[in-house]
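What follows is the content of work_14.txt, which has compact mmCIF, C-alpha atoms:
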# COMPACT_ATOMS: atom_id res chain seq x y z
CA MET A 758 208.92 24.98 376.78
CA GLN A 759 205.52 24.93 375.12
CA SER A 760 205.09 23.87 371.51
CA ILE A 761 202.43 22.63 369.14
CA THR A 762 202.81 19.00 368.06
CA VAL A 763 201.28 16.99 365.22
CA THR A 764 201.42 13.26 365.91
CA SER A 765 199.41 12.22 362.84
CA PRO A 766 198.02 14.18 359.87
CA GLY A 767 194.48 15.48 360.15
CA GLY A 768 192.24 18.49 360.66
CA PRO A 769 192.90 21.44 362.95
CA SER A 770 192.39 19.24 366.02
CA ALA A 771 195.64 17.48 365.08
CA LEU A 772 197.42 20.53 366.52
CA THR A 773 197.99 19.82 370.21
CA LEU A 774 199.80 21.86 372.85
CA SER A 775 202.65 19.99 374.52
CA GLU A 776 205.56 20.53 376.90
CA ARG A 777 209.06 19.49 375.94
CA GLU A 778 212.67 20.32 376.66
CA VAL A 779 214.23 23.40 375.08
CA PRO A 780 216.29 22.08 372.14
CA VAL A 781 220.06 22.51 371.95
CA PRO A 782 221.52 23.94 368.73
CA GLY A 783 224.06 21.81 366.93
CA ARG A 784 226.95 22.85 364.76
CA GLY A 785 225.96 25.71 362.45
CA GLU A 786 222.63 26.16 364.23
CA VAL A 787 221.07 28.91 366.32
CA LEU A 788 218.45 28.69 369.06
CA VAL A 789 215.83 31.42 368.60
CA ARG A 790 213.50 32.55 371.38
CA ASN A 791 210.42 33.30 369.29
CA THR A 792 208.42 36.48 369.80
CA ALA A 793 205.74 35.54 367.26
CA ALA A 794 205.10 32.93 364.58
CA GLY A 795 203.21 33.47 361.35
CA VAL A 796 200.31 31.22 360.34
CA ASN A 797 200.33 30.34 356.64
CA PHE A 798 198.54 27.96 354.30
CA ILE A 799 201.70 25.91 353.95
CA ASP A 800 201.23 25.00 357.63
CA VAL A 801 197.84 23.52 356.72
CA TYR A 802 199.46 21.42 353.99
CA TYR A 803 201.96 19.97 356.48
CA ARG A 804 199.28 19.42 359.12
CA ASN A 805 196.90 17.55 356.79
CA GLY A 806 199.63 15.50 355.11
CA SER A 807 199.58 17.21 351.70
CA TYR A 808 203.26 17.98 352.31
CA PRO A 809 205.23 15.20 354.00
CA ALA A 810 206.76 15.55 357.46
CA GLU A 811 207.80 12.77 359.79
CA PRO A 812 205.56 12.80 362.88
CA PRO A 813 205.68 13.87 365.57
CA PHE A 814 206.64 17.35 364.38
CA THR A 815 206.09 20.98 365.26
CA PRO A 816 204.53 22.95 362.38
CA GLY A 817 205.12 26.56 361.42
CA GLN A 818 207.43 27.98 358.76
CA GLU A 819 207.90 31.57 359.87
CA GLY A 820 208.97 33.33 363.03
CA ALA A 821 210.90 36.21 364.51
CA GLY A 822 212.64 36.62 367.83
CA VAL A 823 215.98 36.87 369.59
CA VAL A 824 219.02 34.61 369.44
CA ALA A 825 219.13 32.66 372.72
CA ALA A 826 222.11 30.35 372.10
CA LEU A 827 224.67 29.55 369.43
CA GLY A 828 225.83 26.20 368.17
CA GLU A 829 229.44 25.46 367.40
CA GLY A 830 230.87 27.31 364.43
CA VAL A 831 228.22 30.04 364.18
CA THR A 832 229.85 33.32 363.19
CA ALA A 833 227.16 35.51 361.59
CA PHE A 834 225.10 36.12 364.75
CA GLU A 835 225.57 36.78 368.44
CA GLU A 836 223.33 36.07 371.43
CA GLY A 837 220.69 38.78 371.70
CA ALA A 838 220.60 39.47 367.96
CA ARG A 839 217.16 40.19 366.48
CA VAL A 840 216.37 37.71 363.71
CA ALA A 841 213.62 36.30 361.52
CA TYR A 842 213.36 33.12 359.50
CA ALA A 843 211.15 31.40 356.94
CA SER A 844 210.81 27.94 355.38
CA GLN A 845 212.07 26.32 358.57
CA LEU A 846 209.72 23.83 360.20
CA GLY A 847 209.11 24.28 363.92
CA ALA A 848 207.98 27.88 364.44
CA TYR A 849 204.90 27.00 366.54
CA ALA A 850 207.03 26.84 369.69
CA GLU A 851 208.61 29.11 372.26
CA TYR A 852 212.08 28.12 370.99
CA THR A 853 213.15 26.94 367.53
CA VAL A 854 216.50 25.68 366.31
CA VAL A 855 217.30 27.29 362.96
CA PRO A 856 220.33 26.77 360.68
CA GLU A 857 222.51 29.88 360.65
CA ASP A 858 222.13 30.29 356.88
CA LYS A 859 218.32 30.51 357.19
CA LEU A 860 218.35 33.50 359.54
CA ILE A 861 217.73 37.10 358.45
CA PRO A 862 218.86 40.05 360.59
CA VAL A 863 215.96 42.28 361.64
CA PRO A 864 216.89 46.00 361.63
CA ASP A 865 216.51 47.85 364.93
CA GLY A 866 213.72 50.01 363.53
CA VAL A 867 211.53 47.01 362.65
CA ASP A 868 209.26 45.53 365.33
CA LEU A 869 209.76 41.78 365.77
CA THR A 870 206.04 41.05 365.64
CA ALA A 871 205.79 43.00 362.38
CA ALA A 872 208.79 41.06 361.08
CA ALA A 873 207.02 37.78 361.82
CA ALA A 874 204.00 39.08 359.90
CA VAL A 875 205.95 39.77 356.70
CA THR A 876 208.88 37.36 356.46
CA LEU A 877 207.51 34.33 354.61
CA GLN A 878 204.83 36.00 352.52
CA GLY A 879 206.92 39.13 352.06
CA LEU A 880 209.80 37.08 350.68
CA ALA A 881 207.38 35.22 348.40
CA ALA A 882 205.77 38.42 347.16
CA TYR A 883 209.21 39.92 346.60
CA TYR A 884 210.54 37.11 344.39
CA LEU A 885 207.21 36.74 342.58
CA THR A 886 207.17 40.43 341.58
CA HIS A 887 210.92 40.87 341.08
CA GLU A 888 212.12 37.54 339.65
CA THR A 889 209.31 35.14 338.66
CA HIS A 890 207.87 38.03 336.66
CA PRO A 891 209.73 41.32 337.08
CA VAL A 892 206.72 43.61 337.23
CA ALA A 893 207.25 46.69 335.09
CA GLU A 894 205.54 50.04 334.93
CA GLY A 895 202.43 49.75 332.77
CA ASP A 896 201.91 46.01 333.34
CA THR A 897 198.45 44.78 334.21
CA VAL A 898 198.74 42.38 337.12
CA VAL A 899 195.94 40.18 338.47
CA VAL A 900 196.17 38.95 342.06
CA LEU A 901 193.84 36.23 343.35
CA ALA A 902 193.03 36.05 347.08
CA ALA A 903 194.17 39.66 347.08
CA ALA A 904 192.98 40.42 350.61
CA GLY A 905 195.00 37.60 352.17
CA GLY A 906 198.52 37.82 353.55
CA LEU A 907 200.42 37.00 350.34
CA GLY A 908 197.84 38.69 348.12
CA ARG A 909 198.05 41.97 350.02
CA PHE A 910 201.84 42.07 349.64
CA LEU A 911 201.63 41.20 345.93
CA VAL A 912 199.20 44.09 345.46
CA GLN A 913 201.45 46.49 347.33
CA LEU A 914 204.69 45.54 345.60
CA ALA A 915 203.16 45.40 342.10
CA ALA A 916 201.51 48.79 342.59
CA ALA A 917 204.78 50.25 343.89
CA ARG A 918 206.48 49.08 340.67
CA GLY A 919 203.97 50.98 338.55
CA ALA A 920 201.57 48.20 337.55
CA THR A 921 197.81 48.44 337.25
CA VAL A 922 196.62 45.89 339.81
CA ILE A 923 193.33 43.99 339.49
CA ALA A 924 192.41 42.25 342.74
CA VAL A 925 190.19 39.16 342.79
CA THR A 926 188.44 38.52 346.10
CA SER A 927 185.47 36.59 347.48
CA THR A 928 183.45 39.27 349.31
CA PRO A 929 182.73 43.02 349.13
CA GLU A 930 184.57 43.41 352.43
CA LYS A 931 187.66 41.82 350.93
CA GLU A 932 187.31 43.92 347.78
CA LYS A 933 187.55 47.01 350.00
CA ALA A 934 190.58 45.57 351.80
CA ALA A 935 192.30 44.98 348.45
CA ARG A 936 191.57 48.52 347.30
CA ASP A 937 192.90 49.85 350.60
CA ALA A 938 196.09 47.88 349.95
CA GLY A 939 196.54 49.69 346.61
CA ALA A 940 194.59 47.69 344.02
CA HIS A 941 193.22 49.83 341.20
CA HIS A 942 190.27 47.49 340.57
CA ALA A 943 188.61 44.81 342.71
CA ILE A 944 186.39 42.10 341.26
CA GLY A 945 184.79 38.82 342.34
CA TYR A 946 185.72 35.31 341.26
CA ASP A 947 182.69 34.66 339.09
CA GLY A 948 183.80 35.20 335.49
CA PHE A 949 186.85 37.18 336.53
CA ASP A 950 188.54 36.48 333.18
CA THR A 951 185.77 38.36 331.40
CA ALA A 952 186.01 41.22 333.89
CA VAL A 953 189.79 41.43 333.39
CA ARG A 954 189.36 41.68 329.61
CA GLU A 955 186.71 44.37 330.01
CA LEU A 956 189.04 46.38 332.27
CA THR A 957 191.95 46.03 329.82
CA GLY A 958 190.14 46.75 326.57
CA GLY A 959 190.27 43.08 325.60
CA ARG A 960 194.01 42.65 326.05
CA GLY A 961 194.14 40.66 329.28
CA ALA A 962 196.80 40.64 332.01
CA ARG A 963 200.55 40.41 331.67
CA VAL A 964 200.70 38.14 334.72
CA VAL A 965 198.18 36.40 336.97
CA TYR A 966 199.30 35.43 340.47
CA ASP A 967 197.02 32.51 341.35
CA SER A 968 197.31 31.15 344.91
CA VAL A 969 193.97 29.30 344.72
CA GLY A 970 194.93 26.56 342.28
CA ALA A 971 192.57 23.82 341.14
CA ALA A 972 189.37 25.88 341.20
CA THR A 973 190.72 28.86 339.28
CA TYR A 974 193.68 28.01 337.04
CA ARG A 975 191.57 27.63 333.87
CA THR A 976 189.95 31.04 334.40
CA SER A 977 193.36 32.52 335.22
CA LEU A 978 194.73 31.25 331.90
CA SER A 979 191.77 32.83 330.11
CA ALA A 980 192.52 36.18 331.78
CA LEU A 981 196.04 36.40 330.32
CA ALA A 982 197.20 38.65 327.53
CA ARG A 983 199.04 37.18 324.56
CA ARG A 984 202.22 35.47 325.87
CA GLY A 985 201.23 36.24 329.44
CA LEU A 986 202.41 34.33 332.51
CA LEU A 987 200.34 32.34 334.98
CA ALA A 988 202.25 32.07 338.26
CA LEU A 989 200.66 29.31 340.35
CA CYS A 990 201.84 30.42 343.79
CA GLY A 991 199.51 28.38 346.01
CA LEU A 992 196.86 25.70 346.07
CA SER A 993 194.28 26.71 348.66
CA SER A 994 191.54 24.93 346.64
CA GLY A 995 193.75 21.92 345.92
CA PRO A 996 196.60 21.14 343.52
CA VAL A 997 196.24 21.86 339.82
CA PRO A 998 195.66 18.56 338.01
CA PRO A 999 197.65 17.49 334.93
CA PHE A 1000 196.33 19.41 331.96
CA ASP A 1001 196.61 19.41 328.17
CA ILE A 1002 199.50 21.65 327.12
CA GLU A 1003 197.33 22.81 324.21
CA LEU A 1004 195.55 25.00 326.77
CA LEU A 1005 198.62 27.24 326.66
CA ARG A 1006 198.32 27.67 322.90
CA ALA A 1007 194.64 28.52 323.24
CA ALA A 1008 195.49 31.06 325.93
CA GLY A 1009 197.72 33.00 323.53
CA SER A 1010 201.04 31.11 323.73
CA ALA A 1011 200.86 31.52 327.50
CA PHE A 1012 203.52 30.56 330.01
CA VAL A 1013 202.85 28.79 333.30
CA THR A 1014 205.14 28.34 336.31
CA ARG A 1015 204.91 26.83 339.78
CA PRO A 1016 207.52 28.92 341.61
CA THR A 1017 209.03 27.94 344.96
CA MET A 1018 211.09 29.86 347.45
CA ARG A 1019 213.94 27.35 347.38
CA ASP A 1020 214.57 28.14 343.71
CA HIS A 1021 214.50 31.92 344.19
CA VAL A 1022 215.99 32.39 347.66
CA TYR A 1023 218.44 29.49 347.67
CA ASP A 1024 221.35 30.44 349.94
CA ALA A 1025 222.23 32.78 352.78
CA GLU A 1026 223.30 35.57 350.42
CA THR A 1027 220.11 35.63 348.34
CA LEU A 1028 217.95 35.15 351.44
CA ARG A 1029 219.48 38.07 353.33
CA ALA A 1030 219.40 40.33 350.27
CA ALA A 1031 215.70 39.61 349.75
CA GLY A 1032 215.06 39.92 353.49
CA ALA A 1033 216.78 43.29 353.60
CA ALA A 1034 214.56 44.47 350.73
CA VAL A 1035 211.41 43.20 352.45
CA PHE A 1036 212.26 44.81 355.79
CA GLY A 1037 213.26 47.98 353.97
CA HIS A 1038 209.83 48.10 352.32
CA LEU A 1039 208.26 47.46 355.73
CA ALA A 1040 210.18 50.38 357.20
CA ASP A 1041 209.35 52.77 354.34
CA GLY A 1042 205.66 51.85 354.27
CA VAL A 1043 205.51 50.09 350.90
CA LEU A 1044 204.63 46.89 352.72
CA THR A 1045 201.95 47.35 355.38
CA PRO A 1046 200.75 44.09 356.89
CA HIS A 1047 197.18 43.92 358.08
CA LEU A 1048 196.88 41.77 361.19
CA HIS A 1049 193.59 39.90 361.23
CA ALA A 1050 194.30 38.48 364.69
CA THR A 1051 197.09 37.54 367.08
CA LEU A 1052 196.21 34.38 369.00
CA PRO A 1053 198.02 32.64 371.85
CA LEU A 1054 199.98 29.53 370.95
CA ARG A 1055 197.38 27.24 372.54
CA GLU A 1056 194.82 28.46 369.95
CA ALA A 1057 196.78 27.28 366.92
CA ALA A 1058 193.90 24.98 365.93
CA GLU A 1059 191.50 27.93 365.89
CA ALA A 1060 193.96 29.86 363.72
CA HIS A 1061 193.89 27.02 361.18
CA ARG A 1062 190.08 26.89 361.26
CA LEU A 1063 189.93 30.60 360.52
CA LEU A 1064 192.46 30.29 357.71
CA GLU A 1065 190.82 27.30 356.02
CA GLY A 1066 187.36 28.80 356.41
CA ARG A 1067 188.47 31.90 354.49
CA ALA A 1068 187.40 33.92 357.52
CA THR A 1069 190.51 36.08 357.54
CA THR A 1070 191.48 39.34 355.93
CA GLY A 1071 195.22 39.76 356.30
CA LYS A 1072 197.65 37.98 358.56
CA LEU A 1073 197.27 35.57 361.48
CA LEU A 1074 199.97 35.39 364.13
CA LEU A 1075 200.64 33.23 367.16
CA ALA A 1076 202.06 35.12 370.14
CA LEU A 1077 204.82 33.30 372.05

When written as structure tokens, how does the structure in this file appear?
Amino acid sequence: MQSITVTSPGGPSALTLSEREVPVPGRGEVLVRNTAAGVNFIDVYYRNGSYPAEPPFTPGQEGAGVVAALGEGVTAFEEGARVAYASQLGAYAEYTVVPEDKLIPVPDGVDLTAAAAVTLQGLAAYYLTHETHPVAEGDTVVVLAAAGGLGRFLVQLAAARGATVIAVTSTPEKEKAARDAGAHHAIGYDGFDTAVRELTGGRGARVVYDSVGAATYRTSLSALARRGLLALCGLSSGPVPPFDIELLRAAGSAFVTRPTMRDHVYDAETLRAAGAAVFGHLADGVLTPHLHATLPLREAAEAHRLLEGRATTGKLLLAL
């Protein structure tokens, strides 16, 4: 089978196409024949060494396809079942071995390519808007990188829950994309805290979803309402450095969290419940992924260049 391999951390050129044997699932594992794999910023972090992985490894955290073989003891799935998965390394390949408890059934009415486009970021957007901060009707929600894959889903889910959504984007084109996704306002990064206060009559936002990190967290804190929450849900500009906790007092007794999927979707039951909600919202049109491009597996390096260069609006997929 074909797969992408990283033998040592580095830039996009570290992603090389290789041939290897189809893996055999062990006890409690399932072999998935991938239809498509999602490309996400977490893949960049593994590729460049920000997140540790023992080389050589196959990157990719998100895929959807069909069960090709079952390991011993698997009871929840049968061969031919339509499935998706997230937070499982190895999706940039024609076949991936996935633990049974990390698989989500894909309903018959949901296209597998669409499932691959929403699984990881859809799950993240779901727990961020339902658990990290349960968005309520009347909340003001600020979403950074609002035209990206995660940002678009945050906009859609927050708007569906009755919030006023302020999108922060880097270009007029991306502002339009955020408005098309359901944002009520779209603003640029320069002085976005001031713009948020102007739009809210000086109050600020109940929650800011900041997936940019180092370059924006101080401005995000300044955009919060009294006792608001800053959810640091990514680090595309680099990790947030240690900071003086007195910043939270100055921001109005603010809260800050660095949420992860493993602490929100932590077993098969919570994963499949969240997955069912995400695929339900995909089926009913609340979640509408925008595909920026679908590239062949051999162009994984180009996909990473596009992602890191902020040249995408929406989702990147690898076709398998």

(message) So that I can see what lies close to segment 855-865 of chain A, please list as number ranges by chain the residues with an atom at most 6 Å from it, counting only C-alpha atoms and leaving out residues fewer than 2 positions away in the same chain.
(response) A: 785-787, 839-842, 867, 1025, 1029

(request) Have a look at A:Leu1048, A:Val925, A:Ala1008, A:Val779 and name the one nearest to Gly945 of chain A; count only C-alpha atoms. (result)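 Looking at the shortest contact to Gly945 of chain A, the residue is A:Val925.
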
(message) Which residues are near Gly806 of chain A? Cut-off 12 Å, all atoms listed in the file, ignore same chain within fewer than 6 positions. Put them as a list in words.
(response)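 Neighbouring residues, sequence-local ones excluded: Val763, Thr764, Ser765, Pro766, Gly767, Gly768, Pro769, Ala771, Ile799, Asp800, Pro812, Phe814 and Pro816 of chain A.
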
(request) Write out as a list in words each polymer residue whose atoms come within 9 Å of Tyr946 of chain A, counting only C-alpha atoms; drop sequence neighbours fewer than 3 positions from it. (result)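 Listing them by chain and then by number gives Leu901, Val925, Thr926, Ser927, Phe949, Asp950 and Thr973 of chain A.
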
Writing out the chosen residues with C-alpha atoms as a PDB file, in the coordinates of the input:
ATOM      1  CA  LEU A 901     193.840  36.230 343.350  1.00  0.00           C
ATOM      2  CA  VAL A 925     190.190  39.160 342.790  1.00  0.00           C
ATOM      3  CA  THR A 926     188.440  38.520 346.100  1.00  0.00           C
ATOM      4  CA  SER A 927     185.470  36.590 347.480  1.00  0.00           C
ATOM      5  CA  PHE A 949     186.850  37.180 336.530  1.00  0.00           C
ATOM      6  CA  ASP A 950     188.540  36.480 333.180  1.00  0.00           C
ATOM      7  CA  THR A 973     190.720  28.860 339.280  1.00  0.00           C
TER       8      THR A 973
END

(message) I need the residue nearest Arg983 of chain A from this list: A:Tyr849, A:Gly995, A:Ala1011, A:Glu1003. Use all atoms listed in the file for the distance.
(response)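 Looking only at the distances to Arg983 of chain A, the closest residue turns out to be A:Ala1011.
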
(request) Would you please work out which residue, of A:Gly908, A:Ser760, A:Leu914, A:Tyr808, is nearest to Gly847 of chain A when using all atoms listed in the file? (result)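 Smallest distance to Gly847 of chain A is found for A:Ser760.
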
Starting from the point (192.8, 19.9, 343.5), work out which residues of protein, DNA or RNA have an atom no more than 10 Å away when counting only C-alpha atoms; state them as a PDB file with C-alpha atoms, in the coordinates of the input.
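Saved file result_20.pdb follows:
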ATOM      1  CA  VAL A 969     193.970  29.300 344.720  1.00  0.00           C
ATOM      2  CA  GLY A 970     194.930  26.560 342.280  1.00  0.00           C
ATOM      3  CA  ALA A 971     192.570  23.820 341.140  1.00  0.00           C
ATOM      4  CA  ALA A 972     189.370  25.880 341.200  1.00  0.00           C
ATOM      5  CA  LEU A 992     196.860  25.700 346.070  1.00  0.00           C
ATOM      6  CA  SER A 993     194.280  26.710 348.660  1.00  0.00           C
ATOM      7  CA  SER A 994     191.540  24.930 346.640  1.00  0.00           C
ATOM      8  CA  GLY A 995     193.750  21.920 345.920  1.00  0.00           C
ATOM      9  CA  PRO A 996     196.600  21.140 343.520  1.00  0.00           C
ATOM     10  CA  VAL A 997     196.240  21.860 339.820  1.00  0.00           C
ATOM     11  CA  PRO A 998     195.660  18.560 338.010  1.00  0.00           C
TER      12      PRO A 998
END

(message) Report, in Å with one decimal, the straight-line distance from atom CA of Glu1056 of chain A to atom CA of Pro780 of chain A.
(response)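 Atom CA of Pro780 of chain A lies 22.5 Å from atom CA of Glu1056 of chain A.
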
(request) Can you pull out every residue within 7 Å of Ala848 of chain A, counting all atoms listed in the file, but drop anything in the same chain fewer than 2 positions away, and send it as an MDAnalysis selection string? (result) chainID A and resid 794 816:820 846 850 853

(request) Compare A:Thr1045, A:Asn797, A:Gln845, A:Thr951 by their minimum atom-to-atom distance to Gln878 of chain A, counting all atoms listed in the file, and give me the closest one. (result)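 Among the listed residues, A:Asn797 lies closest to Gln878 of chain A.
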
(request) Write out as a list in words which residues come within 8 Å of Leu1052 of chain A when counting all atoms listed in the file, dropping same-chain ones fewer than 4 positions away. (result) Glu1056, Ala1057, Ala1060, Leu1073, Leu1074, Leu1075 and Ala1076 of chain A

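Nearest to Thr928 of chain A of all the residues A:Ile944, A:Ser775, A:Arg975, A:Val1035 is A:Ile944, counting all atoms listed in the file.
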
(message) Please determine, counting only C-alpha atoms, which residue among A:Glu778, A:Ala821, A:Tyr883, A:Leu978 has the shortest atom-to-atom distance to Ala1030 of chain A.
(response) A:Tyr883

(message) Using Å and a single decimal, report how far atom CA of Val922 of chain A sits from atom CA of Arg1067 of chain A.
(response)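 Atom CA of Arg1067 of chain A sits 21.9 Å away from atom CA of Val922 of chain A.
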
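Between atom CA of His1021 of chain A and atom CA of His887 of chain A there is a distance of 10.1 Å.
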